[in-house]
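Below is one structure, written out as structure tokens; the observations come after it.
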Amino acid sequence: MSREHDKYDKVVELAKRRGFFWPSFEIYGGVAGFYDLGPLGTLLKSNIIRLWREFFITRHMDMVVEIETPVITPEVVFEASGHLHHFTDPIVECTSCRRKFRADQLIEEALNVKVEGRSAEELTRMIRENNVRCPFCGSDLGEVRVFNLLFQTFIGPYTQNKAYLRPEAAQGMFTSFKRVHKVMREKLPLGIAQIGRVARNEISPRQGMVRLREFTIMEVEFFFDPEEPGEPPLSRFGGNLRILTADAKVRGEEGPETYGVEEAVQEGIIKNKWLAYWMAVARDFIKALGVPENHMYFEEKLPHERAHYATQTFDQLVRISRWGWIEVSGHAYRGDYDLQGHMRYSGQDLTVFKKFEKPVTRKVEKVFVNKVVIGKLFKEKSAEVLKLLESVDTDLIKEALSKGESYIEIKGFKVPASAVEVRVIEEKVVGRKFIPHVVEPSFGAERLVLMVLDHAYTEEEERVVLKVPHHIAPIKLAVFPLVAKEPLVSIAKELFSKALAEGIPAIYDDSGSIGRRYARADEVGVPYAVTVDYQTPEDKTVTIRERDTRAQVRVGLSEVVSRIKELVHA
RNA sequence: GCGGCGGUCGUCUAGCCUGGUCUAGGACGCCGGCCUUCCACGCCGGAAAUCCCGGGUUCAAAUCCCGGCCGCCGCACCA
């Protein structure tokens, strides 16, 4: 790096200077972890989002739908999701060497007791009472502090009405799953997608646009039947995945291996075929943003690196300047963790019912009880006894009966054997209930903005050319008169208006030399520049110049706009 | 959060050590004018700096001291 600015600095400098992004609240000194998107950044981001929609929703419209749910979320949701518990770390600092420790782990190790669920105050007291000291330097420890990465707020004027800004969009998909599933005529598999703002109160964000306290997330929660998951449409997205497995990481390997999507599933490297499928979609999406495949791979997270809800997670890593490999997406197998949690806390039935092709009849053993006898014998305790008898194992009753005992004892109640009977009956089962499993591909949009700029940034002969793929370029067309003179100016302005009217994001520029204007347009990645020159008034033709090759073609004035449309959609 | 380094027009920077000559200089960019028949041409003019913020020392602070904020690096932390 030294005095020579590295690429990252140049990208960030360009971003600020030309209006892609900059630190928020700059006039007040800025706040770490917050960035504004400027005019070009906003356009680029919305193009990235449009492309994501295309890959993850439009091209999967037979199974994925998009919804929108609130950022502000009542506390109970995060109790159910485990975020309140798992997003909170009790941390204690050594007063001398300033090293930080997880207070709970420290106490559990030192005192060999379980402290799960204890408050910070209790943990502090335990440290004081048992004289737990810094394991490194032996000095006193400070107060136990709680770090919760959820931003807290209140709903209405009631401070007891706690709420949090969501740290992921996912919970909105889980809490509305039942409704969406119904709306989608109870079909599985079902993907619910959402694009929206999320907030995480990072303890100390670094890395500029890479680690933000508030950002836009693009997620799909993909619900399927764990027993009959169906077949991913590999004809749409298949091929190979570059993967660094957890095993390989433990062995000390650093580079990924290549596996076919199906192969990875068959060999158990990816635990679920849908997880593998969405990774293939993610690979192509990132490629479409201009990242070559050798600058990207998937890394399996080790158990301690995974979120509390996941049983297997892969991060999609992309190489950018300065920060090296950064995570642009996460692919988590969440199982039924979330729906289970919400069932428990809401009391709602979030299971899915699936009819069998044919109803199944099966023989089951049921306990029949003579309620008259029970009633007379146990009076007001009868209800309790009946409930116990219902839940008790039929084998236990059969065993007692076969031994010829005169009564069966359950939790202190002596039930006469004559009042109980085990019968085998035929039961007709028309289907089964289950909790769907979920795989989740999840992307951070702002990181992708940075990633795209970093990959697009090139320098040619002292000038910057932002080689963003044409279909995500913020501005598609620049219109110039060769020199700022009539009739060239009028013709150019007319063409410019026509382009705007046709929905092509375009700029008009007539200041300075033509070379300077090409350079200005190149710097922000405008793929095509149309120049009105002295030949135009004569034969009604203009030149179209392509950004990366600087090649020019002459086309008729009347067909320019449709030509540009074709070119940028290619 | 700890430690190190840094923060001056839009951008990059000179000045800071050795306080006054700084009404803060330059380059690029930007704006206006002239010029210009295809890749940052040239000429003229212009706008543009809370010298990161606050306090202190001093007759005098961009410059020295303290605190804070922000950034980078290292450590710690990281759903």
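Ordering of the structure tokens sets the chain letters (A, B, ...), residue numbers begin anew at 1 in every chain, and ligands are numbered from 1 in the order given.
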
Sorted per-residue table, chain A near chain B, closest atoms and distance, 8 Å, only C-alpha atoms (C1' of nucleotides), as JSON lines:
{"residue": "A:Glu13", "atom": "CA", "partner": "B:U11", "partner_atom": "C1'", "distance": 7.3}
{"residue": "A:Arg17", "atom": "CA", "partner": "B:G10", "partner_atom": "C1'", "distance": 6.3}
{"residue": "A:Gly29", "atom": "CA", "partner": "B:C70", "partner_atom": "C1'", "distance": 6.0}
{"residue": "A:Gly30", "atom": "CA", "partner": "B:C70", "partner_atom": "C1'", "distance": 6.0}
{"residue": "A:Val31", "atom": "CA", "partner": "B:C70", "partner_atom": "C1'", "distance": 7.0}
{"residue": "A:Ala32", "atom": "CA", "partner": "B:C70", "partner_atom": "C1'", "distance": 7.2}
{"residue": "A:His83", "atom": "CA", "partner": "B:A79", "partner_atom": "C1'", "distance": 7.5}
{"residue": "A:His86", "atom": "CA", "partner": "B:A79", "partner_atom": "C1'", "distance": 7.6}
{"residue": "A:Phe87", "atom": "CA", "partner": "B:A79", "partner_atom": "C1'", "distance": 5.9}
{"residue": "A:Arg98", "atom": "CA", "partner": "B:C2", "partner_atom": "C1'", "distance": 6.3}
{"residue": "A:Arg99", "atom": "CA", "partner": "B:A76", "partner_atom": "C1'", "distance": 6.4}
{"residue": "A:Lys100", "atom": "CA", "partner": "B:A76", "partner_atom": "C1'", "distance": 6.1}
{"residue": "A:Leu149", "atom": "CA", "partner": "B:A79", "partner_atom": "C1'", "distance": 7.8}
{"residue": "A:Pro167", "atom": "CA", "partner": "B:A79", "partner_atom": "C1'", "distance": 7.7}
{"residue": "A:Glu202", "atom": "CA", "partner": "B:C78", "partner_atom": "C1'", "distance": 7.6}
{"residue": "A:Ile203", "atom": "CA", "partner": "B:C77", "partner_atom": "C1'", "distance": 7.2}
{"residue": "A:Ser204", "atom": "CA", "partner": "B:C77", "partner_atom": "C1'", "distance": 7.9}
{"residue": "A:Ala307", "atom": "CA", "partner": "B:A79", "partner_atom": "C1'", "distance": 5.7}
{"residue": "A:His308", "atom": "CA", "partner": "B:A79", "partner_atom": "C1'", "distance": 7.7}
{"residue": "A:Arg463", "atom": "CA", "partner": "B:A40", "partner_atom": "C1'", "distance": 7.4}
{"residue": "A:Leu482", "atom": "CA", "partner": "B:C38", "partner_atom": "C1'", "distance": 7.1}
{"residue": "A:Val483", "atom": "CA", "partner": "B:U36", "partner_atom": "C1'", "distance": 7.0}
{"residue": "A:Ser513", "atom": "CA", "partner": "B:U36", "partner_atom": "C1'", "distance": 6.8}
{"residue": "A:Ile514", "atom": "CA", "partner": "B:C38", "partner_atom": "C1'", "distance": 6.4}
{"residue": "A:Gly515", "atom": "CA", "partner": "B:C39", "partner_atom": "C1'", "distance": 3.9}
{"residue": "A:Arg516", "atom": "CA", "partner": "B:A40", "partner_atom": "C1'", "distance": 4.4}
{"residue": "A:Arg517", "atom": "CA", "partner": "B:A40", "partner_atom": "C1'", "distance": 7.9}
{"residue": "A:Tyr518", "atom": "CA", "partner": "B:C39", "partner_atom": "C1'", "distance": 6.3}
{"residue": "A:Ala519", "atom": "CA", "partner": "B:A40", "partner_atom": "C1'", "distance": 6.1}
{"residue": "A:Arg520", "atom": "CA", "partner": "B:A40", "partner_atom": "C1'", "distance": 7.9}
{"residue": "A:Asp533", "atom": "CA", "partner": "B:U37", "partner_atom": "C1'", "distance": 7.3}
{"residue": "A:Tyr534", "atom": "CA", "partner": "B:U37", "partner_atom": "C1'", "distance": 6.7}

Using C-alpha atoms, can you write the selected residues to a file as an mmCIF file, in the first residue's frame?
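And here is the file that came out, result-v5.cif:
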data_model
loop_
_atom_site.group_PDB
_atom_site.id
_atom_site.type_symbol
_atom_site.label_atom_id
_atom_site.label_comp_id
_atom_site.auth_asym_id
_atom_site.auth_seq_id
_atom_site.Cartn_x
_atom_site.Cartn_y
_atom_site.Cartn_z
ATOM 1 C CA GLU A 13 -12.713 7.659 -3.598
ATOM 2 C CA ARG A 17 -16.608 11.722 -5.745
ATOM 3 C CA GLY A 29 -18.591 13.592 11.810
ATOM 4 C CA GLY A 30 -20.215 10.382 10.662
ATOM 5 C CA VAL A 31 -21.287 7.284 12.557
ATOM 6 C CA ALA A 32 -19.532 3.982 12.028
ATOM 7 C CA HIS A 83 -32.519 -13.971 18.881
ATOM 8 C CA HIS A 86 -28.636 -15.955 21.276
ATOM 9 C CA PHE A 87 -28.013 -12.419 20.112
ATOM 10 C CA ARG A 98 -8.395 -5.319 28.952
ATOM 11 C CA ARG A 99 -8.936 -8.747 27.502
ATOM 12 C CA LYS A 100 -12.587 -9.638 27.047
ATOM 13 C CA LEU A 149 -27.019 -6.903 18.778
ATOM 14 C CA PRO A 167 -31.761 -8.317 12.248
ATOM 15 C CA GLU A 202 -22.608 -4.262 15.728
ATOM 16 C CA ILE A 203 -20.202 -3.748 18.600
ATOM 17 C CA SER A 204 -17.524 -2.218 16.445
ATOM 18 C CA ALA A 307 -26.028 -19.085 13.746
ATOM 19 C CA HIS A 308 -28.120 -20.625 16.501
ATOM 20 C CA ARG A 463 -8.281 7.085 -16.921
ATOM 21 C CA LEU A 482 -19.480 16.395 -31.061
ATOM 22 C CA VAL A 483 -19.067 20.113 -30.365
ATOM 23 C CA SER A 513 -13.969 18.216 -25.423
ATOM 24 C CA ILE A 514 -15.563 15.043 -26.688
ATOM 25 C CA GLY A 515 -12.708 13.021 -25.198
ATOM 26 C CA ARG A 516 -13.306 14.445 -21.790
ATOM 27 C CA ARG A 517 -16.984 13.555 -21.999
ATOM 28 C CA TYR A 518 -16.244 9.978 -23.022
ATOM 29 C CA ALA A 519 -13.884 9.744 -20.068
ATOM 30 C CA ARG A 520 -16.441 11.135 -17.650
ATOM 31 C CA ASP A 533 -21.490 14.872 -35.416
ATOM 32 C CA TYR A 534 -21.393 16.930 -38.624
#

(message) Could you list, as JSON, numbers by chain, every residue within 6 Å of A:Ala506, counting only C-alpha atoms (C1' of nucleotides) and ignoring same-chain residues fewer than 6 positions away?
(response) {"A": [475, 476, 477, 478]}

(request) From a DSSP pass on the backbone, collect the residues of stretch 100-169 of chain A flagged as strand (DSSP E or B) and hand them back as an MDAnalysis selection string. (result) chainID A and resid 100:102 141 145:148 152:154 162:165

Take the residues that were just selected and, keeping all heavy atoms, output them as a short mmCIF file (atom, residue, chain, number, x, y, z; two decimals), in the first residue's frame.
data_model
loop_
_atom_site.label_atom_id
_atom_site.label_comp_id
_atom_site.auth_asym_id
_atom_site.auth_seq_id
_atom_site.Cartn_x
_atom_site.Cartn_y
_atom_site.Cartn_z
N LYS A 100 -11.15 -9.43 26.83
CA LYS A 100 -12.59 -9.64 27.05
C LYS A 100 -12.92 -11.11 27.02
O LYS A 100 -12.36 -11.86 26.22
CB LYS A 100 -13.39 -8.92 25.96
CG LYS A 100 -13.46 -7.46 26.25
CD LYS A 100 -14.64 -6.87 25.54
CE LYS A 100 -14.87 -5.47 26.02
NZ LYS A 100 -15.04 -4.55 24.91
N PHE A 101 -13.87 -11.49 27.86
CA PHE A 101 -14.26 -12.89 27.92
C PHE A 101 -15.76 -13.01 27.94
O PHE A 101 -16.45 -12.11 28.40
CB PHE A 101 -13.69 -13.53 29.19
CG PHE A 101 -12.22 -13.32 29.36
CD1 PHE A 101 -11.74 -12.27 30.13
CD2 PHE A 101 -11.31 -14.15 28.71
CE1 PHE A 101 -10.38 -12.05 30.26
CE2 PHE A 101 -9.95 -13.93 28.84
CZ PHE A 101 -9.49 -12.88 29.61
N ARG A 102 -16.22 -14.17 27.47
CA ARG A 102 -17.63 -14.49 27.67
C ARG A 102 -17.79 -14.86 29.13
O ARG A 102 -17.23 -15.86 29.60
CB ARG A 102 -18.00 -15.68 26.79
CG ARG A 102 -18.24 -15.36 25.32
CD ARG A 102 -19.65 -14.80 25.12
NE ARG A 102 -20.66 -15.78 25.43
CZ ARG A 102 -21.14 -16.68 24.58
NH1 ARG A 102 -20.70 -16.70 23.35
NH2 ARG A 102 -22.05 -17.54 24.95
N LEU A 141 -11.72 -8.75 37.52
CA LEU A 141 -12.57 -8.58 36.35
C LEU A 141 -13.58 -7.46 36.64
O LEU A 141 -13.94 -7.22 37.79
CB LEU A 141 -13.31 -9.88 36.04
CG LEU A 141 -12.42 -11.06 35.63
CD1 LEU A 141 -13.19 -12.36 35.68
CD2 LEU A 141 -11.83 -10.85 34.24
N ARG A 145 -21.19 -7.23 31.38
CA ARG A 145 -22.06 -6.42 30.54
C ARG A 145 -22.74 -7.30 29.51
O ARG A 145 -22.20 -8.32 29.10
CB ARG A 145 -21.26 -5.34 29.82
CG ARG A 145 -20.80 -4.26 30.77
CD ARG A 145 -20.66 -2.94 30.02
NE ARG A 145 -19.51 -2.96 29.12
CZ ARG A 145 -19.43 -2.21 28.02
NH1 ARG A 145 -20.46 -1.46 27.67
NH2 ARG A 145 -18.36 -2.24 27.26
N VAL A 146 -23.94 -6.88 29.11
CA VAL A 146 -24.68 -7.66 28.13
C VAL A 146 -24.63 -6.95 26.79
O VAL A 146 -24.94 -5.78 26.68
CB VAL A 146 -26.14 -7.83 28.58
CG1 VAL A 146 -27.01 -8.27 27.42
CG2 VAL A 146 -26.21 -8.84 29.71
N PHE A 147 -24.19 -7.68 25.79
CA PHE A 147 -24.20 -7.13 24.44
C PHE A 147 -25.33 -7.77 23.67
O PHE A 147 -25.34 -8.96 23.45
CB PHE A 147 -22.89 -7.44 23.72
CG PHE A 147 -21.78 -6.53 24.14
CD1 PHE A 147 -20.78 -7.01 24.96
CD2 PHE A 147 -21.74 -5.21 23.71
CE1 PHE A 147 -19.75 -6.17 25.35
CE2 PHE A 147 -20.71 -4.38 24.10
CZ PHE A 147 -19.71 -4.86 24.92
N ASN A 148 -26.30 -6.96 23.29
CA ASN A 148 -27.38 -7.47 22.47
C ASN A 148 -27.32 -6.75 21.14
O ASN A 148 -27.37 -5.54 21.08
CB ASN A 148 -28.72 -7.23 23.15
CG ASN A 148 -29.81 -8.01 22.46
OD1 ASN A 148 -29.71 -8.32 21.27
ND2 ASN A 148 -30.85 -8.34 23.18
N GLN A 152 -33.11 -1.81 20.02
CA GLN A 152 -34.37 -1.83 20.74
C GLN A 152 -35.17 -0.55 20.51
O GLN A 152 -34.62 0.52 20.33
CB GLN A 152 -34.11 -1.97 22.24
CG GLN A 152 -35.34 -2.46 22.97
CD GLN A 152 -35.17 -2.45 24.48
OE1 GLN A 152 -35.98 -1.89 25.20
NE2 GLN A 152 -34.10 -3.09 24.93
N THR A 153 -36.50 -0.70 20.53
CA THR A 153 -37.37 0.47 20.49
C THR A 153 -38.67 0.11 21.21
O THR A 153 -38.74 -0.93 21.87
CB THR A 153 -37.63 0.93 19.03
OG1 THR A 153 -38.38 2.13 19.07
CG2 THR A 153 -38.37 -0.12 18.22
N PHE A 154 -39.66 0.98 21.14
CA PHE A 154 -40.93 0.72 21.80
C PHE A 154 -42.05 0.97 20.82
O PHE A 154 -41.94 1.81 19.93
CB PHE A 154 -41.10 1.63 23.02
CG PHE A 154 -39.95 1.56 23.96
CD1 PHE A 154 -38.96 2.53 23.95
CD2 PHE A 154 -39.82 0.48 24.82
CE1 PHE A 154 -37.87 2.44 24.80
CE2 PHE A 154 -38.74 0.39 25.68
CZ PHE A 154 -37.75 1.36 25.67
N LYS A 162 -42.01 -3.50 24.42
CA LYS A 162 -40.70 -3.55 23.76
C LYS A 162 -40.79 -4.11 22.35
O LYS A 162 -41.56 -5.02 22.07
CB LYS A 162 -39.76 -4.44 24.57
CG LYS A 162 -39.09 -3.74 25.71
CD LYS A 162 -37.97 -4.63 26.23
CE LYS A 162 -37.67 -4.33 27.69
NZ LYS A 162 -36.99 -5.45 28.32
N ALA A 163 -39.95 -3.57 21.51
CA ALA A 163 -39.84 -4.09 20.15
C ALA A 163 -38.40 -3.94 19.70
O ALA A 163 -37.60 -3.26 20.35
CB ALA A 163 -40.77 -3.32 19.22
N TYR A 164 -38.08 -4.57 18.59
CA TYR A 164 -36.72 -4.51 18.06
C TYR A 164 -36.77 -4.34 16.55
O TYR A 164 -37.72 -4.76 15.89
CB TYR A 164 -35.95 -5.80 18.38
CG TYR A 164 -35.86 -6.06 19.85
CD1 TYR A 164 -36.87 -6.78 20.51
CD2 TYR A 164 -34.81 -5.55 20.60
CE1 TYR A 164 -36.82 -6.99 21.88
CE2 TYR A 164 -34.74 -5.76 21.97
CZ TYR A 164 -35.75 -6.48 22.60
OH TYR A 164 -35.69 -6.66 23.94
N LEU A 165 -35.74 -3.71 16.02
CA LEU A 165 -35.58 -3.70 14.57
C LEU A 165 -35.09 -5.09 14.18
O LEU A 165 -34.20 -5.63 14.82
CB LEU A 165 -34.57 -2.65 14.13
CG LEU A 165 -34.77 -1.23 14.66
CD1 LEU A 165 -33.88 -0.26 13.87
CD2 LEU A 165 -36.22 -0.79 14.55
#

(request) Quick one: pick out all alpha helix (DSSP H) residues within stretch 322-535 of chain A from a backbone DSSP run and write them as number ranges by chain. (result) A: 337-346, 371-378, 382-391, 394-402, 445-456, 488-501, 514-523

(message) With only C-alpha atoms (C1' of nucleotides) as the counted atoms, please give the residues lying no more than 10 Å from stretch 444-448 of chain A, apart from itself and same-chain residues fewer than 6 positions off, as a ChimeraX atom specification.
(response) /A:21,35,37,41-42,44-46,48-49,52,195-198,208-212,214-219,286,289,318,326-330,454

(message) From the options A:Thr124, A:Gln207, A:Ser321, A:Gln312, which residue's atoms come nearest to B:C73, counting only C-alpha atoms (C1' of nucleotides)?
(response) A:Gln207

(request) Just the residues within 7 Å of A:Phe480, please, counting only C-alpha atoms (C1' of nucleotides), with nothing from its chain fewer than 6 positions along; format it as a PyMOL selection string. (result) chain A and resi 492+508-510+530-532

Mind dumping the selected residues with all heavy atoms as a short mmCIF file (atom, residue, chain, number, x, y, z; two decimals), in the first residue's frame?
data_model
loop_
_atom_site.label_atom_id
_atom_site.label_comp_id
_atom_site.auth_asym_id
_atom_site.auth_seq_id
_atom_site.Cartn_x
_atom_site.Cartn_y
_atom_site.Cartn_z
N ALA A 492 -28.95 16.46 -30.63
CA ALA A 492 -28.54 15.62 -29.49
C ALA A 492 -29.57 15.69 -28.37
O ALA A 492 -29.94 14.67 -27.77
CB ALA A 492 -27.16 16.04 -29.00
N TYR A 508 -27.03 13.72 -20.74
CA TYR A 508 -26.64 14.57 -21.86
C TYR A 508 -25.47 15.42 -21.38
O TYR A 508 -25.47 15.90 -20.25
CB TYR A 508 -27.81 15.46 -22.26
CG TYR A 508 -27.41 16.55 -23.25
CD1 TYR A 508 -27.38 16.28 -24.61
CD2 TYR A 508 -27.03 17.82 -22.79
CE1 TYR A 508 -26.98 17.27 -25.51
CE2 TYR A 508 -26.64 18.81 -23.68
CZ TYR A 508 -26.60 18.53 -25.05
OH TYR A 508 -26.20 19.48 -25.93
N ASP A 509 -24.46 15.60 -22.22
CA ASP A 509 -23.30 16.38 -21.81
C ASP A 509 -22.71 17.08 -23.03
O ASP A 509 -22.44 16.45 -24.04
CB ASP A 509 -22.26 15.44 -21.17
CG ASP A 509 -21.14 16.21 -20.44
OD1 ASP A 509 -21.10 17.45 -20.53
OD2 ASP A 509 -20.32 15.55 -19.79
N ASP A 510 -22.53 18.41 -22.92
CA ASP A 510 -21.91 19.12 -24.05
C ASP A 510 -20.76 20.01 -23.58
O ASP A 510 -20.33 20.90 -24.30
CB ASP A 510 -22.95 19.93 -24.83
CG ASP A 510 -23.61 21.01 -23.97
OD1 ASP A 510 -23.10 21.28 -22.87
OD2 ASP A 510 -24.64 21.55 -24.40
N VAL A 530 -23.61 7.97 -27.51
CA VAL A 530 -24.01 8.31 -28.87
C VAL A 530 -23.54 9.73 -29.15
O VAL A 530 -23.78 10.63 -28.35
CB VAL A 530 -25.54 8.20 -29.03
CG1 VAL A 530 -25.99 8.87 -30.33
CG2 VAL A 530 -25.97 6.74 -28.99
N THR A 531 -22.85 9.91 -30.27
CA THR A 531 -22.34 11.23 -30.61
C THR A 531 -22.98 11.73 -31.90
O THR A 531 -22.98 11.05 -32.92
CB THR A 531 -20.81 11.19 -30.77
OG1 THR A 531 -20.23 10.73 -29.54
CG2 THR A 531 -20.27 12.57 -31.09
N VAL A 532 -23.52 12.93 -31.78
CA VAL A 532 -24.09 13.60 -32.95
C VAL A 532 -22.97 14.43 -33.57
O VAL A 532 -22.43 15.32 -32.91
CB VAL A 532 -25.26 14.52 -32.54
CG1 VAL A 532 -25.76 15.33 -33.74
CG2 VAL A 532 -26.40 13.69 -31.94
#

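Using only C-alpha atoms (C1' of nucleotides), the residues found no farther than 12 Å from B:C31, other than those of its own chain fewer than 3 positions away, are Ser511 and Gly512 of chain A; G45, G46, A47 and A48 of chain B.
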
Keeping only N, CA and C atoms (P, O5', C5', C4', C3', O3' and C1' of nucleotides), write those residues as a PDB file, in the first residue's frame.
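So the final result, stored in again.pdb, reads:
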ATOM      1  N   SER A 511     -20.251  19.752 -22.371  1.00  0.00           N
ATOM      2  CA  SER A 511     -19.191  20.628 -21.879  1.00  0.00           C
ATOM      3  C   SER A 511     -17.816  20.014 -22.108  1.00  0.00           C
ATOM      4  N   GLY A 512     -16.868  20.839 -22.532  1.00  0.00           N
ATOM      5  CA  GLY A 512     -15.504  20.372 -22.744  1.00  0.00           C
ATOM      6  C   GLY A 512     -15.372  19.577 -24.023  1.00  0.00           C
TER       7      GLY A 512
ATOM      8  P     G B  45      -6.986  34.908 -15.804  1.00  0.00           P
ATOM      9  O5'   G B  45      -8.506  34.802 -15.347  1.00  0.00           O
ATOM     10  C5'   G B  45      -9.298  35.966 -15.258  1.00  0.00           C
ATOM     11  C4'   G B  45     -10.741  35.600 -15.053  1.00  0.00           C
ATOM     12  C3'   G B  45     -11.092  34.928 -13.723  1.00  0.00           C
ATOM     13  O3'   G B  45     -11.126  35.824 -12.637  1.00  0.00           O
ATOM     14  C1'   G B  45     -12.208  33.828 -15.489  1.00  0.00           C
ATOM     15  P     G B  46     -10.796  35.271 -11.191  1.00  0.00           P
ATOM     16  O5'   G B  46     -12.087  34.419 -10.870  1.00  0.00           O
ATOM     17  C5'   G B  46     -13.367  35.043 -10.866  1.00  0.00           C
ATOM     18  C4'   G B  46     -14.441  34.015 -10.668  1.00  0.00           C
ATOM     19  C3'   G B  46     -14.362  33.226  -9.365  1.00  0.00           C
ATOM     20  O3'   G B  46     -14.880  33.969  -8.285  1.00  0.00           O
ATOM     21  C1'   G B  46     -14.818  31.760 -11.163  1.00  0.00           C
ATOM     22  P     A B  47     -14.423  33.670  -6.814  1.00  0.00           P
ATOM     23  O5'   A B  47     -15.375  32.434  -6.448  1.00  0.00           O
ATOM     24  C5'   A B  47     -16.797  32.580  -6.468  1.00  0.00           C
ATOM     25  C4'   A B  47     -17.423  31.216  -6.364  1.00  0.00           C
ATOM     26  C3'   A B  47     -16.979  30.396  -5.151  1.00  0.00           C
ATOM     27  O3'   A B  47     -17.716  30.738  -3.997  1.00  0.00           O
ATOM     28  C1'   A B  47     -16.857  29.065  -7.096  1.00  0.00           C
ATOM     29  P     A B  48     -16.953  30.809  -2.602  1.00  0.00           P
ATOM     30  O5'   A B  48     -16.516  29.286  -2.404  1.00  0.00           O
ATOM     31  C5'   A B  48     -17.533  28.282  -2.302  1.00  0.00           C
ATOM     32  C4'   A B  48     -16.920  26.925  -2.448  1.00  0.00           C
ATOM     33  C3'   A B  48     -15.866  26.569  -1.410  1.00  0.00           C
ATOM     34  O3'   A B  48     -16.479  26.126  -0.225  1.00  0.00           O
ATOM     35  C1'   A B  48     -15.144  25.924  -3.575  1.00  0.00           C
TER      36        A B  48
END

(message) Set the distance at 10 Å and use only C-alpha atoms (C1' of nucleotides): which residues neighbour A:Gln171 once local chain neighbours fewer than 6 positions away are removed? I'd like the list as a list in words.
(response)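 The neighbour list is Thr69, Pro70, Thr73, Val77, Phe78, Ala80, Ser81, Phe177, Glu221, Asp338, Leu339 and His342 of chain A.
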
Write the residues of the selection above to a file with N, CA and C atoms, as a PDB file, in the first residue's frame.
ATOM      1  N   THR A  69     -42.737  -7.336   5.019  1.00  0.00           N
ATOM      2  CA  THR A  69     -43.208  -7.314   6.413  1.00  0.00           C
ATOM      3  C   THR A  69     -42.448  -6.221   7.178  1.00  0.00           C
ATOM      4  N   PRO A  70     -42.934  -5.838   8.362  1.00  0.00           N
ATOM      5  CA  PRO A  70     -42.346  -4.685   9.054  1.00  0.00           C
ATOM      6  C   PRO A  70     -40.917  -4.908   9.541  1.00  0.00           C
ATOM      7  N   THR A  73     -40.477  -5.057  15.067  1.00  0.00           N
ATOM      8  CA  THR A  73     -41.011  -6.384  15.365  1.00  0.00           C
ATOM      9  C   THR A  73     -41.167  -6.538  16.876  1.00  0.00           C
ATOM     10  N   VAL A  77     -41.574 -12.133  19.144  1.00  0.00           N
ATOM     11  CA  VAL A  77     -41.091 -12.795  17.924  1.00  0.00           C
ATOM     12  C   VAL A  77     -39.635 -13.218  18.088  1.00  0.00           C
ATOM     13  N   PHE A  78     -38.853 -12.340  18.727  1.00  0.00           N
ATOM     14  CA  PHE A  78     -37.437 -12.665  18.881  1.00  0.00           C
ATOM     15  C   PHE A  78     -37.176 -13.561  20.090  1.00  0.00           C
ATOM     16  N   ALA A  80     -39.250 -16.104  20.461  1.00  0.00           N
ATOM     17  CA  ALA A  80     -39.533 -17.364  19.774  1.00  0.00           C
ATOM     18  C   ALA A  80     -38.393 -17.758  18.839  1.00  0.00           C
ATOM     19  N   SER A  81     -37.794 -16.776  18.180  1.00  0.00           N
ATOM     20  CA  SER A  81     -36.769 -17.085  17.190  1.00  0.00           C
ATOM     21  C   SER A  81     -35.421 -17.387  17.827  1.00  0.00           C
ATOM     22  N   PHE A 177     -45.961 -17.334   7.501  1.00  0.00           N
ATOM     23  CA  PHE A 177     -45.908 -18.550   6.679  1.00  0.00           C
ATOM     24  C   PHE A 177     -47.276 -19.179   6.451  1.00  0.00           C
ATOM     25  N   GLU A 221     -36.838 -17.673   2.136  1.00  0.00           N
ATOM     26  CA  GLU A 221     -37.036 -18.809   3.038  1.00  0.00           C
ATOM     27  C   GLU A 221     -37.755 -19.845   2.191  1.00  0.00           C
ATOM     28  N   ASP A 338     -37.280 -22.534  13.259  1.00  0.00           N
ATOM     29  CA  ASP A 338     -38.041 -21.297  13.426  1.00  0.00           C
ATOM     30  C   ASP A 338     -39.537 -21.541  13.579  1.00  0.00           C
ATOM     31  N   LEU A 339     -40.088 -22.383  12.691  1.00  0.00           N
ATOM     32  CA  LEU A 339     -41.531 -22.652  12.793  1.00  0.00           C
ATOM     33  C   LEU A 339     -41.848 -23.326  14.125  1.00  0.00           C
ATOM     34  N   HIS A 342     -41.985 -20.649  16.760  1.00  0.00           N
ATOM     35  CA  HIS A 342     -43.183 -19.809  16.668  1.00  0.00           C
ATOM     36  C   HIS A 342     -44.443 -20.595  17.040  1.00  0.00           C
TER      37      HIS A 342
END

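Pairwise distance (atom CA of A:Asn272, atom CA of A:Phe222) equals 11.7 Å.
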